[in-house]
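As provided, protein.cif (mmCIF, C-alpha atoms and all ligand atoms) reads as follows.
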data_upload
#
loop_
_atom_site.label_atom_id
_atom_site.label_comp_id
_atom_site.auth_asym_id
_atom_site.auth_seq_id
_atom_site.Cartn_x
_atom_site.Cartn_y
_atom_site.Cartn_z
CA MET E 1 58.42 23.53 -51.72
CA SER E 2 55.26 24.71 -50.00
CA ALA E 3 55.24 26.41 -46.58
CA LEU E 4 54.49 24.47 -43.39
CA LEU E 5 51.39 26.63 -42.85
CA GLU E 6 49.40 28.41 -45.50
CA VAL E 7 46.45 30.51 -44.40
CA ASP E 8 44.54 31.50 -47.50
CA SER E 9 41.64 33.99 -47.49
CA LEU E 10 40.54 32.88 -44.01
CA SER E 11 37.33 34.41 -42.70
CA VAL E 12 35.65 33.63 -39.39
CA VAL E 13 32.21 35.12 -38.86
CA PHE E 14 30.42 35.16 -35.48
CA GLY E 15 26.82 36.32 -36.06
CA GLU E 16 27.15 39.81 -37.51
CA SER E 17 30.85 40.11 -36.69
CA ARG E 18 33.64 39.28 -39.18
CA ALA E 19 36.26 38.49 -36.54
CA ALA E 20 38.73 37.46 -39.25
CA ASP E 21 38.22 38.85 -42.72
CA ASN E 22 40.10 37.41 -45.68
CA VAL E 23 43.38 36.78 -43.85
CA SER E 24 46.24 35.22 -45.85
CA PHE E 25 49.84 34.45 -44.93
CA LEU E 26 52.56 31.80 -45.12
CA LEU E 27 54.69 30.49 -42.28
CA ASP E 28 57.60 28.12 -42.65
CA THR E 29 59.80 26.06 -40.36
CA GLY E 30 62.34 28.16 -38.46
CA GLU E 31 60.33 31.33 -39.16
CA SER E 32 58.58 33.61 -36.67
CA VAL E 33 55.65 35.74 -37.74
CA ALA E 34 53.92 38.24 -35.47
CA LEU E 35 50.25 39.11 -35.61
CA VAL E 36 49.90 42.56 -34.07
CA GLY E 37 46.87 44.72 -33.36
CA GLY E 38 44.60 46.20 -30.74
CA SER E 39 41.97 44.47 -28.68
CA GLY E 40 39.26 42.83 -30.78
CA ALA E 41 41.30 43.02 -34.02
CA GLY E 42 40.83 39.28 -34.62
CA LYS E 43 44.31 38.00 -33.74
CA SER E 44 43.21 35.25 -31.35
CA THR E 45 40.47 34.20 -33.74
CA VAL E 46 43.06 33.48 -36.44
CA ALA E 47 45.14 31.38 -34.00
CA ARG E 48 42.06 29.58 -32.70
CA ALA E 49 40.92 28.75 -36.24
CA ILE E 50 44.36 27.30 -37.02
CA ALA E 51 44.21 25.25 -33.80
CA GLY E 52 40.68 24.05 -34.66
CA LEU E 53 39.05 25.73 -31.65
CA VAL E 54 36.75 27.76 -33.90
CA SER E 55 35.55 26.89 -37.41
CA ALA E 56 36.62 28.79 -40.49
CA THR E 57 33.60 30.29 -42.26
CA SER E 58 35.56 30.36 -45.53
CA GLY E 59 39.10 30.07 -46.80
CA ARG E 60 41.78 27.44 -46.36
CA ILE E 61 44.22 26.51 -43.59
CA VAL E 62 46.80 24.20 -45.15
CA PHE E 63 49.16 22.55 -42.65
CA ASP E 64 51.86 20.23 -43.88
CA GLY E 65 50.15 20.06 -47.26
CA VAL E 66 46.67 19.17 -45.96
CA ASP E 67 43.72 21.57 -45.91
CA LEU E 68 42.44 21.40 -42.32
CA THR E 69 39.16 23.05 -43.28
CA THR E 70 38.16 20.08 -45.43
CA ALA E 71 40.06 17.25 -43.70
CA SER E 72 38.05 14.73 -41.67
CA THR E 73 37.76 15.41 -37.93
CA ARG E 74 40.08 12.53 -37.22
CA ALA E 75 42.71 13.55 -39.78
CA GLY E 76 42.50 17.16 -38.55
CA ARG E 77 43.01 16.07 -34.95
CA THR E 78 46.04 13.96 -35.87
CA LEU E 79 47.61 16.77 -37.91
CA ARG E 80 46.97 19.31 -35.17
CA ARG E 81 49.16 17.27 -32.83
CA GLY E 82 51.93 18.96 -34.79
CA MET E 83 50.93 22.34 -33.35
CA HIS E 84 50.57 23.70 -29.85
CA LEU E 85 48.87 26.81 -28.49
CA VAL E 86 50.43 28.72 -25.57
CA PHE E 87 47.96 31.03 -23.86
CA GLN E 88 48.54 34.37 -22.27
CA ASP E 89 48.11 33.64 -18.61
CA PRO E 90 50.72 31.32 -17.09
CA TYR E 91 48.89 31.52 -13.76
CA ALA E 92 45.63 30.23 -15.18
CA SER E 93 47.10 27.75 -17.66
CA LEU E 94 49.18 25.67 -15.21
CA PRO E 95 47.25 23.39 -12.84
CA PRO E 96 48.27 24.56 -9.34
CA GLY E 97 48.15 21.11 -7.73
CA MET E 98 50.52 19.42 -10.19
CA ARG E 99 54.30 19.34 -10.11
CA VAL E 100 56.18 20.94 -13.01
CA GLY E 101 57.47 17.58 -14.30
CA ASP E 102 53.93 16.17 -14.50
CA ILE E 103 52.58 19.36 -16.09
CA VAL E 104 55.20 19.23 -18.82
CA ALA E 105 54.69 15.47 -19.36
CA GLU E 106 50.89 15.77 -19.60
CA PRO E 107 50.62 16.22 -23.41
CA MET E 108 52.64 13.00 -23.86
CA VAL E 109 50.34 11.18 -21.44
CA ILE E 110 47.21 12.54 -23.15
CA HIS E 111 48.47 11.48 -26.58
CA ARG E 112 49.89 8.21 -25.20
CA ILE E 113 53.37 9.02 -26.42
CA GLY E 114 56.35 7.13 -24.96
CA ASP E 115 56.83 5.20 -21.73
CA ARG E 116 57.76 6.49 -18.30
CA ALA E 117 61.51 6.66 -19.04
CA SER E 118 61.20 8.35 -22.43
CA ARG E 119 58.72 10.85 -20.97
CA ARG E 120 61.17 11.69 -18.20
CA ASP E 121 63.90 12.33 -20.80
CA ALA E 122 61.56 14.40 -22.96
CA VAL E 123 60.54 16.51 -19.92
CA SER E 124 64.21 17.12 -19.04
CA ASN E 125 65.02 18.14 -22.60
CA ALA E 126 61.98 20.42 -22.81
CA LEU E 127 62.76 22.12 -19.48
CA GLU E 128 66.39 22.62 -20.45
CA SER E 129 65.45 23.96 -23.90
CA VAL E 130 63.54 26.79 -22.15
CA ARG E 131 66.52 27.32 -19.84
CA LEU E 132 64.99 25.81 -16.73
CA ALA E 133 68.22 23.96 -16.05
CA PRO E 134 69.18 21.68 -14.53
CA ALA E 135 65.71 20.23 -15.06
CA GLY E 136 65.93 18.31 -11.77
CA ASP E 137 65.82 21.63 -9.89
CA TYR E 138 62.41 22.43 -11.34
CA ALA E 139 60.56 19.16 -12.07
CA ASP E 140 59.40 18.58 -8.48
CA ARG E 141 58.25 22.12 -7.81
CA TYR E 142 54.67 23.41 -7.92
CA PRO E 143 53.75 26.43 -10.08
CA HIS E 144 53.39 28.72 -7.02
CA GLU E 145 57.05 28.01 -6.21
CA LEU E 146 58.14 29.67 -9.48
CA SER E 147 58.35 33.28 -10.69
CA GLY E 148 55.97 34.52 -13.40
CA GLY E 149 58.70 34.25 -16.06
CA GLN E 150 59.60 30.72 -14.95
CA ARG E 151 55.93 29.74 -15.05
CA GLN E 152 55.66 30.94 -18.63
CA ARG E 153 58.81 28.94 -19.46
CA VAL E 154 57.06 25.87 -18.02
CA ALA E 155 54.10 26.59 -20.33
CA PHE E 156 56.54 26.64 -23.28
CA ALA E 157 58.26 23.45 -22.12
CA ARG E 158 54.83 21.80 -21.98
CA ALA E 159 54.13 23.03 -25.50
CA LEU E 160 57.46 21.71 -26.80
CA VAL E 161 57.52 18.29 -25.15
CA THR E 162 55.70 16.56 -28.01
CA ARG E 163 58.06 18.30 -30.50
CA PRO E 164 55.39 20.27 -32.38
CA ARG E 165 56.28 21.92 -35.66
CA LEU E 166 54.13 25.00 -35.13
CA LEU E 167 53.82 27.06 -31.97
CA LEU E 168 50.88 29.44 -31.66
CA ALA E 169 51.76 31.86 -28.85
CA ASP E 170 48.81 34.08 -27.89
CA GLU E 171 50.03 37.07 -25.85
CA PRO E 172 52.55 34.88 -24.01
CA THR E 173 54.14 37.87 -22.29
CA SER E 174 51.11 39.74 -21.01
CA GLY E 175 51.23 40.06 -17.24
CA LEU E 176 55.04 39.96 -17.23
CA ASP E 177 57.20 43.01 -16.62
CA ALA E 178 59.21 44.59 -19.46
CA SER E 179 62.52 42.77 -18.92
CA LEU E 180 60.78 39.38 -18.62
CA ARG E 181 58.80 40.09 -21.79
CA ILE E 182 62.04 40.59 -23.67
CA GLU E 183 63.51 37.44 -22.14
CA ILE E 184 60.51 35.36 -23.23
CA VAL E 185 60.38 36.69 -26.82
CA ASP E 186 64.14 36.22 -27.21
CA MET E 187 63.66 32.64 -26.02
CA MET E 188 60.88 32.17 -28.60
CA SER E 189 63.06 33.30 -31.51
CA GLU E 190 65.90 31.12 -30.28
CA LEU E 191 63.53 28.14 -30.05
CA ALA E 192 62.27 28.77 -33.59
CA ARG E 193 65.82 28.42 -34.86
CA SER E 194 67.13 25.67 -32.57
CA GLN E 195 64.04 23.44 -32.55
CA ASP E 196 63.01 23.87 -36.20
CA LEU E 197 59.76 25.43 -35.11
CA ALA E 198 57.44 27.78 -36.92
CA VAL E 199 56.14 30.43 -34.49
CA LEU E 200 53.05 32.62 -34.77
CA HIS E 201 53.37 35.26 -32.05
CA ILE E 202 50.25 37.21 -31.19
CA THR E 203 50.78 40.49 -29.38
CA HIS E 204 49.52 44.05 -28.87
CA ASP E 205 53.11 45.23 -28.73
CA LEU E 206 54.65 46.15 -32.09
CA ALA E 207 58.13 46.77 -30.67
CA LEU E 208 58.17 43.36 -29.02
CA ALA E 209 56.85 41.75 -32.21
CA ALA E 210 59.57 43.35 -34.30
CA ARG E 211 62.22 42.21 -31.83
CA SER E 212 61.16 38.57 -31.92
CA CYS E 213 59.86 38.04 -35.45
CA ASP E 214 61.14 38.24 -39.02
CA THR E 215 57.78 39.31 -40.36
CA VAL E 216 55.02 41.40 -38.84
CA MET E 217 51.36 41.45 -39.87
CA VAL E 218 49.17 44.23 -38.53
CA MET E 219 45.48 43.48 -38.01
CA GLN E 220 42.61 45.90 -37.63
CA ASP E 221 38.91 45.03 -37.64
CA GLY E 222 39.55 41.46 -38.75
CA GLN E 223 41.79 42.41 -41.68
CA VAL E 224 45.53 42.36 -42.21
CA VAL E 225 46.15 46.00 -43.12
CA GLU E 226 49.92 45.72 -43.45
CA ALA E 227 52.51 42.94 -43.62
CA GLY E 228 56.23 43.00 -44.18
CA ALA E 229 59.70 42.55 -42.78
CA SER E 230 59.72 43.74 -39.16
CA THR E 231 62.34 46.45 -39.69
CA ASP E 232 60.48 47.85 -42.73
CA VAL E 233 57.15 47.95 -40.89
CA LEU E 234 58.75 49.75 -37.94
CA THR E 235 60.72 52.26 -40.00
CA THR E 236 58.39 52.91 -42.93
CA PRO E 237 54.83 51.91 -42.04
CA SER E 238 52.53 52.30 -45.03
CA HIS E 239 49.16 52.17 -43.25
CA GLY E 240 47.92 54.90 -40.93
CA TYR E 241 46.97 52.41 -38.22
CA THR E 242 50.47 50.89 -38.30
CA ALA E 243 51.95 54.39 -38.09
CA SER E 244 49.94 55.00 -34.91
CA LEU E 245 51.21 51.70 -33.45
CA VAL E 246 54.79 52.67 -34.36
CA ALA E 247 54.33 56.08 -32.74
CA ALA E 248 53.00 54.41 -29.59
CA ALA E 249 55.81 51.85 -29.57
CA THR E 250 58.56 54.40 -30.06
CA GLY E 251 57.05 57.09 -27.84
CA THR E 252 56.87 59.61 -30.71
CA ARG E 253 53.15 60.25 -30.49
N1 LIG E 301 33.41 32.79 -29.79
C1 LIG E 301 33.06 34.01 -30.16
N2 LIG E 301 31.76 34.34 -30.34
C2 LIG E 301 31.39 35.58 -30.75
N3 LIG E 301 32.27 36.57 -30.99
C3 LIG E 301 33.57 36.33 -30.81
C4 LIG E 301 34.03 35.04 -30.40
N4 LIG E 301 35.39 35.08 -30.32
C5 LIG E 301 35.76 36.34 -30.67
N5 LIG E 301 34.66 37.07 -30.98
C6 LIG E 301 34.67 38.47 -31.45
O1 LIG E 301 35.57 38.55 -32.54
C7 LIG E 301 36.31 39.76 -32.52
C8 LIG E 301 37.79 39.47 -32.54
O2 LIG E 301 38.15 38.87 -31.28
P1 LIG E 301 39.61 38.29 -31.00
O3 LIG E 301 39.60 37.71 -29.63
O4 LIG E 301 40.03 37.44 -32.12
O5 LIG E 301 40.48 39.63 -31.00
P2 LIG E 301 41.96 39.87 -30.51
O6 LIG E 301 42.61 40.72 -31.55
O7 LIG E 301 42.63 38.59 -30.20
O8 LIG E 301 41.72 40.70 -29.20
P3 LIG E 301 42.48 40.68 -27.78
O9 LIG E 301 43.83 41.26 -28.07
O10 LIG E 301 41.65 41.58 -26.93
O11 LIG E 301 42.53 39.27 -27.32
C9 LIG E 301 35.84 40.52 -31.29
O12 LIG E 301 34.87 41.45 -31.69
C10 LIG E 301 35.25 39.44 -30.41
O13 LIG E 301 34.25 39.97 -29.58
#
Would you mind writing the file's structure down as structure tokens?
Amino acid sequence: MSALLEVDSLSVVFGESRAADNVSFLLDTGESVALVGGSGAGKSTVARAIAGLVSATSGRIVFDGVDLTTASTRAGRTLRRGMHLVFQDPYASLPPGMRVGDIVAEPMVIHRIGDRASRRDAVSNALESVRLAPAGDYADRYPHELSGGQRQRVAFARALVTRPRLLLADEPTSGLDASLRIEIVDMMSELARSQDLAVLHITHDLALAARSCDTVMVMQDGQVVEAGASTDVLTTPSHGYTASLVAAATGTR
């Protein structure tokens, strides 16, 4: 059987810059893959191309058996309802004037999914799946009444409410302190298993990536320079750039 997501020789060129250069990987349901690298490596560009926010210059992005780079706009939009992007900044991504329950329900409203009662149930389930429980304690609050970690959990609940099959999480833990970062990535790997989700986790932090994901891909200058099982990449990096990330992550530099 083919993988849920197949990225095959994806390149994204902006003017003179090859932001993503011949990137290939597979991601299946229940799996978490991390895309790790420094600033400007091209990580967000890969996620944005999958989400349809930037166009692929060449290559294929096959989701659920359909190549999104050649599908019609309408078919692409429908298929992309099966994926959701969580951005890095929970302060900026949650509308401050809306209550948590309405924020989480919004994707269902936008896509005209369900009626009032089924949306309320879906919001409760989504909040409880990210351990904001009981949901009734959180649904009526405003974002400023929550901690940073709770706000990021709301962003995940919002992403999960339409039951996507693929979660693209772009630096979801930046701005959070170390213990909260660990809490959020542990929650992501748990969600991947319990909700039958495929997760692409984008991060600068190799140690965090290895903790949360089965597979790690290291990007530099638009290219994947190393990919493998997280423990192998951490213990026996084969590329010099990965070795420098490992040294930074383990404090051995
Ligand atoms: N819309 C755009 N137009 C022009 N250049 C862009 C655009 N988006 C990204 N780039 C360039 O593509 C390269 C890769 O950027 P990208 O944001 O994908 O990197 P990143 O690895 O996610 O970095 P960061 O960790 O800092 O977010 C950078 O040189 C960036 O300036």
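Between CA of Glu16 in chain E and CA of Gly59 in chain E lies a distance of 18.0 Å.
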### Query
CA of Ala71 in chain E and CA of Ser55 in chain E are how many Å apart?
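Those two atoms sit 12.4 Å apart.
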Please, which residues have at least one atom within 9 Å of an atom of ligand LIG 301 (chain E), using only C-alpha atoms and all ligand atoms, listed as a CSV table (one decimal) with C-alpha atoms, in the frame of the given file?
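Output file selection_16.csv is given in full below:
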chain,number,residue,atom,x,y,z
E,12,VAL,CA,35.6,33.6,-39.4
E,13,VAL,CA,32.2,35.1,-38.9
E,14,PHE,CA,30.4,35.2,-35.5
E,15,GLY,CA,26.8,36.3,-36.1
E,16,GLU,CA,27.2,39.8,-37.5
E,17,SER,CA,30.8,40.1,-36.7
E,18,ARG,CA,33.6,39.3,-39.2
E,19,ALA,CA,36.3,38.5,-36.5
E,20,ALA,CA,38.7,37.5,-39.2
E,35,LEU,CA,50.2,39.1,-35.6
E,36,VAL,CA,49.9,42.6,-34.1
E,37,GLY,CA,46.9,44.7,-33.4
E,38,GLY,CA,44.6,46.2,-30.7
E,39,SER,CA,42.0,44.5,-28.7
E,40,GLY,CA,39.3,42.8,-30.8
E,41,ALA,CA,41.3,43.0,-34.0
E,42,GLY,CA,40.8,39.3,-34.6
E,43,LYS,CA,44.3,38.0,-33.7
E,44,SER,CA,43.2,35.2,-31.4
E,45,THR,CA,40.5,34.2,-33.7
E,46,VAL,CA,43.1,33.5,-36.4
E,47,ALA,CA,45.1,31.4,-34.0
E,48,ARG,CA,42.1,29.6,-32.7
E,54,VAL,CA,36.8,27.8,-33.9
E,170,ASP,CA,48.8,34.1,-27.9
E,171,GLU,CA,50.0,37.1,-25.8
E,202,ILE,CA,50.2,37.2,-31.2
E,203,THR,CA,50.8,40.5,-29.4
E,204,HIS,CA,49.5,44.0,-28.9
E,219,MET,CA,45.5,43.5,-38.0
E,220,GLN,CA,42.6,45.9,-37.6
E,221,ASP,CA,38.9,45.0,-37.6
E,222,GLY,CA,39.6,41.5,-38.8
### Atomic separation - CA of Val218 in chain E relative to CA of Tyr241 in chain E, Å
8.5 Å
### Message
Neighbouring residues of range 145-159 of chain E were defined as those with any atom within 7 Å, considering all atoms listed in the file; residues of the same chain fewer than 3 positions away were excluded. Please report them as number ranges by chain.
### Response
E: 84, 86, 90, 103-105, 126-127, 130, 141-142, 176, 180
